[in-house]
Amino acid sequence: MLATSLPLMLTLSLTQSPASPGRMDCEEIQRIERTRTALTPHEICVSPGSMTGVVFDAPVSVELQEEFRFEEISRGRTSISVMPPRDMAPGERLRLSARYVDGNHQEDALTLFLVASPDQSTRQVEVFRDTRTRESFERELAQERAERQRSQQELARLRLELEQLRQQYEDPHQLYWLIFNRSMTREGVRARTFKKSLIGLESKELRIDRGVSYRSKYRVAIELWLVHSGSSPWRDIVIEARRTNGEEWPIVHTKQQAMPVVNVAFMLVIEMEAPAAWASEECDLHLHDGAGKNLNITGIEFP
């Protein structure tokens, strides 16, 4: 009974095919950072008839297992390109050993395994070695944590200041700030409507509907109401101001309502520093956008 069973078992074991090697996930470009994976060997997909290049971040000395079998090998100071053997069976592994020439310690050696994959291969492998010590990484990590803590504290401080400013200025009807900073004279903030010659002025589908100029002790401002009559609204209006003598009048603040539908007026406010020695000042405004539209307003009078 035993004699007849042994040949049958031997026959079955010989006819069974060996387990096929598992398929690898092959990347076209593979990046290896040794500081993250220590000395763990890496597997690289290679395919007969295709070149695979390995690039290092410093000069290396490279040895190939069974180098005589390879179809093609090209070496450089910091790289090696190989075309694997044509008879390399799927799943077969050949060792590639590299040692950095600037040191002789164990951590300066690197082992890669070239694994045959008939369907695809890695075109390029980039190997990076960080020569810093563990203590250096720990110091850097501690510095990053301290910087993050400082940033969080600064953010908390700025949020508190923003909330305080919001509470201080949220009332749109307040006058105390002008009084407290002596920005308003006994005559108050004086105002003057645009002269009639400016009302209705139009250029490039933008028309002046009305306007008012203001003057306090330290600032002047222009409240300009415009009507857009074209099919495409002006975008990113650029404003330039000049004084009576032609000098540029630096603008401190501008505020613009969103440009509404056609033929509906919207407000544009321009604020400038008031001259130290006030004379009979007038202002010229030049409005334009990136599309070539422009509107010139000359002779705006202040109270």
# chains A, B, ... in the order shown; residues from 1 in each chain; ligands from 1
$ residues_around --residues "A:Ile32" --least-positions-apart "2" --cutoff "7 Å" --atoms "only C-alpha atoms" --output "compact mmCIF listing (two decimals) with all heavy atoms, in the first residue's frame"
# COMPACT_ATOMS: atom_id res chain seq x y z
N GLN A 30 10.95 56.74 -9.22
CA GLN A 30 10.92 56.31 -7.83
C GLN A 30 11.90 57.15 -7.02
O GLN A 30 13.05 57.36 -7.43
CB GLN A 30 11.29 54.83 -7.73
CG GLN A 30 11.19 54.23 -6.35
CD GLN A 30 11.43 52.73 -6.36
OE1 GLN A 30 11.42 52.10 -7.41
NE2 GLN A 30 11.66 52.14 -5.19
N ARG A 34 16.63 57.98 2.29
CA ARG A 34 17.13 56.98 3.24
C ARG A 34 16.86 57.34 4.68
O ARG A 34 16.82 56.48 5.55
CB ARG A 34 18.63 56.77 3.02
CG ARG A 34 18.96 56.25 1.63
CD ARG A 34 20.41 55.86 1.51
NE ARG A 34 20.75 54.81 2.47
CZ ARG A 34 21.83 54.82 3.22
NH1 ARG A 34 22.66 55.85 3.16
NH2 ARG A 34 22.09 53.85 4.06
N GLU A 126 15.68 58.07 -7.96
CA GLU A 126 16.42 59.17 -7.36
C GLU A 126 16.68 58.84 -5.90
O GLU A 126 15.74 58.63 -5.12
CB GLU A 126 15.63 60.47 -7.48
CG GLU A 126 15.33 60.85 -8.93
CD GLU A 126 14.40 62.05 -9.05
OE1 GLU A 126 13.84 62.45 -8.00
OE2 GLU A 126 14.22 62.57 -10.16
N VAL A 127 17.95 58.77 -5.52
CA VAL A 127 18.34 58.38 -4.16
C VAL A 127 18.91 59.60 -3.45
O VAL A 127 19.84 60.24 -3.95
CB VAL A 127 19.38 57.24 -4.19
CG1 VAL A 127 19.74 56.82 -2.76
CG2 VAL A 127 18.83 56.05 -4.97
N PHE A 128 18.35 59.90 -2.28
CA PHE A 128 18.80 61.04 -1.49
C PHE A 128 19.28 60.54 -0.13
O PHE A 128 18.62 59.75 0.53
CB PHE A 128 17.66 62.05 -1.30
CG PHE A 128 17.21 62.68 -2.59
CD1 PHE A 128 16.19 62.09 -3.34
CD2 PHE A 128 17.79 63.84 -3.05
CE1 PHE A 128 15.77 62.65 -4.52
CE2 PHE A 128 17.37 64.40 -4.24
CZ PHE A 128 16.37 63.81 -4.98
$ closest_residue --among "A:Asp284, A:Glu301, A:Leu224, A:Gly76" --to "A:Glu247" --atoms "only C-alpha atoms"
A:Asp284
$ closest_residue --among "A:Ala291, A:Val125, A:Ala98, A:Ile73" --to "A:Ile29" --atoms "only C-alpha atoms"
A:Val125
$ select_by_dssp --residues "stretch 189-246 of chain A" --states "strand (DSSP E or B)" --output "JSON, numbers by chain"
{"A": [190, 191, 192, 193, 202, 203, 206, 207, 208, 209, 210, 211, 212, 213, 214, 215, 219, 220, 221, 222, 223, 224, 225, 226, 227, 228, 238, 239, 240, 241, 242]}
$ residues_around --residues "A:Trp234" --least-positions-apart "5" --cutoff "9 Å" --atoms "only C-alpha atoms" --output "PyMOL selection string"
chain A and resi 206+228+259+288-291+293
$ closest_residue --among "A:Asp119, A:Asp57, A:Glu144, A:Glu161" --to "A:Val101" --atoms "only C-alpha atoms"
A:Asp57
$ closest_residue --among "A:Ile199, A:Met184, A:Ala241, A:Leu162" --to "A:Lys217" --atoms "only C-alpha atoms"
A:Met184
$ residues_around --residues "A:Ala265" --least-positions-apart "3" --cutoff "7 Å" --atoms "only C-alpha atoms" --output "ChimeraX atom specification"
/A:209,225-227
$ residues_around --residues "A:Lys204" --least-positions-apart "3" --cutoff "9 Å" --atoms "only C-alpha atoms" --output "ChimeraX atom specification"
/A:207,229-230,293-295
$ closest_residue --among "A:His286, A:Pro48, A:Ser280, A:Ile300" --to "A:Pro90" --atoms "only C-alpha atoms"
A:Pro48
$ atom_distance --atom1 "atom CA of A:Pro41" --atom2 "atom CA of A:Ile80"
17.6 Å
$ decode --residues "stretch 140-184 of chain A" --atoms "N, CA and C atoms" --output "CSV table (one decimal), in the first residue's frame"
chain,number,residue,atom,x,y,z
A,140,GLU,N,16.2,70.5,15.1
A,140,GLU,CA,15.3,71.1,14.1
A,140,GLU,C,13.9,70.9,14.4
A,141,LEU,N,13.5,69.7,14.9
A,141,LEU,CA,12.1,69.5,15.3
A,141,LEU,C,11.7,70.4,16.5
A,142,ALA,N,12.6,70.5,17.4
A,142,ALA,CA,12.3,71.4,18.6
A,142,ALA,C,12.2,72.8,18.2
A,143,GLN,N,13.0,73.3,17.2
A,143,GLN,CA,12.9,74.6,16.7
A,143,GLN,C,11.6,74.9,16.0
A,144,GLU,N,11.1,73.9,15.2
A,144,GLU,CA,9.9,74.0,14.5
A,144,GLU,C,8.7,74.0,15.5
A,145,ARG,N,8.8,73.2,16.5
A,145,ARG,CA,7.7,73.2,17.5
A,145,ARG,C,7.6,74.6,18.2
A,146,ALA,N,8.8,75.1,18.6
A,146,ALA,CA,8.8,76.4,19.3
A,146,ALA,C,8.3,77.5,18.3
A,147,GLU,N,8.7,77.5,17.1
A,147,GLU,CA,8.2,78.5,16.1
A,147,GLU,C,6.7,78.4,15.9
A,148,ARG,N,6.2,77.1,15.9
A,148,ARG,CA,4.8,76.9,15.7
A,148,ARG,C,4.0,77.5,16.9
A,149,GLN,N,4.6,77.3,18.1
A,149,GLN,CA,3.9,77.8,19.3
A,149,GLN,C,3.9,79.3,19.3
A,150,ARG,N,5.0,79.9,18.9
A,150,ARG,CA,5.1,81.4,18.8
A,150,ARG,C,4.1,81.9,17.8
A,151,SER,N,3.9,81.2,16.7
A,151,SER,CA,3.0,81.6,15.7
A,151,SER,C,1.6,81.5,16.2
A,152,GLN,N,1.3,80.5,16.9
A,152,GLN,CA,-0.1,80.3,17.5
A,152,GLN,C,-0.4,81.4,18.5
A,153,GLN,N,0.6,81.8,19.3
A,153,GLN,CA,0.4,82.9,20.3
A,153,GLN,C,0.2,84.2,19.6
A,154,GLU,N,1.0,84.4,18.5
A,154,GLU,CA,0.9,85.7,17.7
A,154,GLU,C,-0.5,85.7,17.1
A,155,LEU,N,-1.0,84.6,16.5
A,155,LEU,CA,-2.3,84.6,15.9
A,155,LEU,C,-3.4,84.9,16.9
A,156,ALA,N,-3.2,84.3,18.1
A,156,ALA,CA,-4.2,84.6,19.2
A,156,ALA,C,-4.2,86.0,19.5
A,157,ARG,N,-3.1,86.7,19.6
A,157,ARG,CA,-3.0,88.1,19.9
A,157,ARG,C,-3.6,88.9,18.9
A,158,LEU,N,-3.4,88.6,17.6
A,158,LEU,CA,-3.9,89.4,16.5
A,158,LEU,C,-5.5,89.2,16.4
A,159,ARG,N,-5.9,88.0,16.7
A,159,ARG,CA,-7.4,87.8,16.8
A,159,ARG,C,-8.0,88.7,17.9
A,160,LEU,N,-7.4,88.8,19.0
A,160,LEU,CA,-7.9,89.6,20.1
A,160,LEU,C,-7.9,91.1,19.7
A,161,GLU,N,-6.8,91.5,19.1
A,161,GLU,CA,-6.8,92.9,18.6
A,161,GLU,C,-7.9,93.2,17.6
A,162,LEU,N,-8.1,92.3,16.7
A,162,LEU,CA,-9.1,92.4,15.7
A,162,LEU,C,-10.5,92.5,16.3
A,163,GLU,N,-10.8,91.7,17.3
A,163,GLU,CA,-12.1,91.8,17.9
A,163,GLU,C,-12.2,93.1,18.7
A,164,GLN,N,-11.2,93.6,19.3
A,164,GLN,CA,-11.3,94.9,20.0
A,164,GLN,C,-11.5,96.0,19.0
A,165,LEU,N,-10.8,96.0,17.8
A,165,LEU,CA,-11.1,97.0,16.8
A,165,LEU,C,-12.5,96.9,16.2
A,166,ARG,N,-12.9,95.7,16.1
A,166,ARG,CA,-14.3,95.5,15.5
A,166,ARG,C,-15.3,96.1,16.5
A,167,GLN,N,-15.1,95.9,17.8
A,167,GLN,CA,-16.1,96.4,18.8
A,167,GLN,C,-15.9,98.0,18.8
A,168,GLN,N,-14.7,98.5,18.6
A,168,GLN,CA,-14.5,99.9,18.6
A,168,GLN,C,-15.1,100.6,17.5
A,169,TYR,N,-15.1,100.0,16.3
A,169,TYR,CA,-15.5,100.7,15.1
A,169,TYR,C,-16.8,100.2,14.5
A,170,GLU,N,-17.4,99.3,15.1
A,170,GLU,CA,-18.6,98.7,14.5
A,170,GLU,C,-19.8,99.6,14.4
A,171,ASP,N,-19.8,100.7,15.2
A,171,ASP,CA,-20.9,101.6,15.2
A,171,ASP,C,-20.7,102.6,14.1
A,172,PRO,N,-21.4,102.6,13.0
A,172,PRO,CA,-21.2,103.5,11.8
A,172,PRO,C,-21.6,104.9,12.1
A,173,HIS,N,-22.3,105.2,13.2
A,173,HIS,CA,-22.8,106.5,13.5
A,173,HIS,C,-21.9,107.3,14.4
A,174,GLN,N,-20.8,106.8,14.9
A,174,GLN,CA,-20.0,107.4,15.9
A,174,GLN,C,-19.3,108.7,15.4
A,175,LEU,N,-19.1,109.7,16.3
A,175,LEU,CA,-18.4,110.9,16.0
A,175,LEU,C,-17.2,111.1,16.9
A,176,TYR,N,-17.1,110.3,18.0
A,176,TYR,CA,-16.1,110.6,19.0
A,176,TYR,C,-14.7,110.4,18.5
A,177,TRP,N,-14.5,109.5,17.5
A,177,TRP,CA,-13.1,109.3,17.0
A,177,TRP,C,-12.6,110.6,16.3
A,178,LEU,N,-13.5,111.2,15.5
A,178,LEU,CA,-13.1,112.4,14.8
A,178,LEU,C,-12.8,113.5,15.9
A,179,ILE,N,-13.6,113.6,16.9
A,179,ILE,CA,-13.4,114.6,17.9
A,179,ILE,C,-12.2,114.3,18.8
A,180,PHE,N,-12.0,113.1,19.2
A,180,PHE,CA,-10.9,112.7,20.0
A,180,PHE,C,-9.6,112.9,19.4
A,181,ASN,N,-9.5,112.7,18.1
A,181,ASN,CA,-8.3,112.9,17.3
A,181,ASN,C,-8.2,114.3,16.7
A,182,ARG,N,-9.1,115.2,17.0
A,182,ARG,CA,-9.1,116.5,16.6
A,182,ARG,C,-9.0,116.7,15.1
A,183,SER,N,-9.7,115.7,14.4
A,183,SER,CA,-9.8,115.7,13.0
A,183,SER,C,-10.9,116.6,12.4
A,184,MET,N,-11.8,117.0,13.3
A,184,MET,CA,-12.9,117.8,12.9
A,184,MET,C,-12.8,119.2,13.5
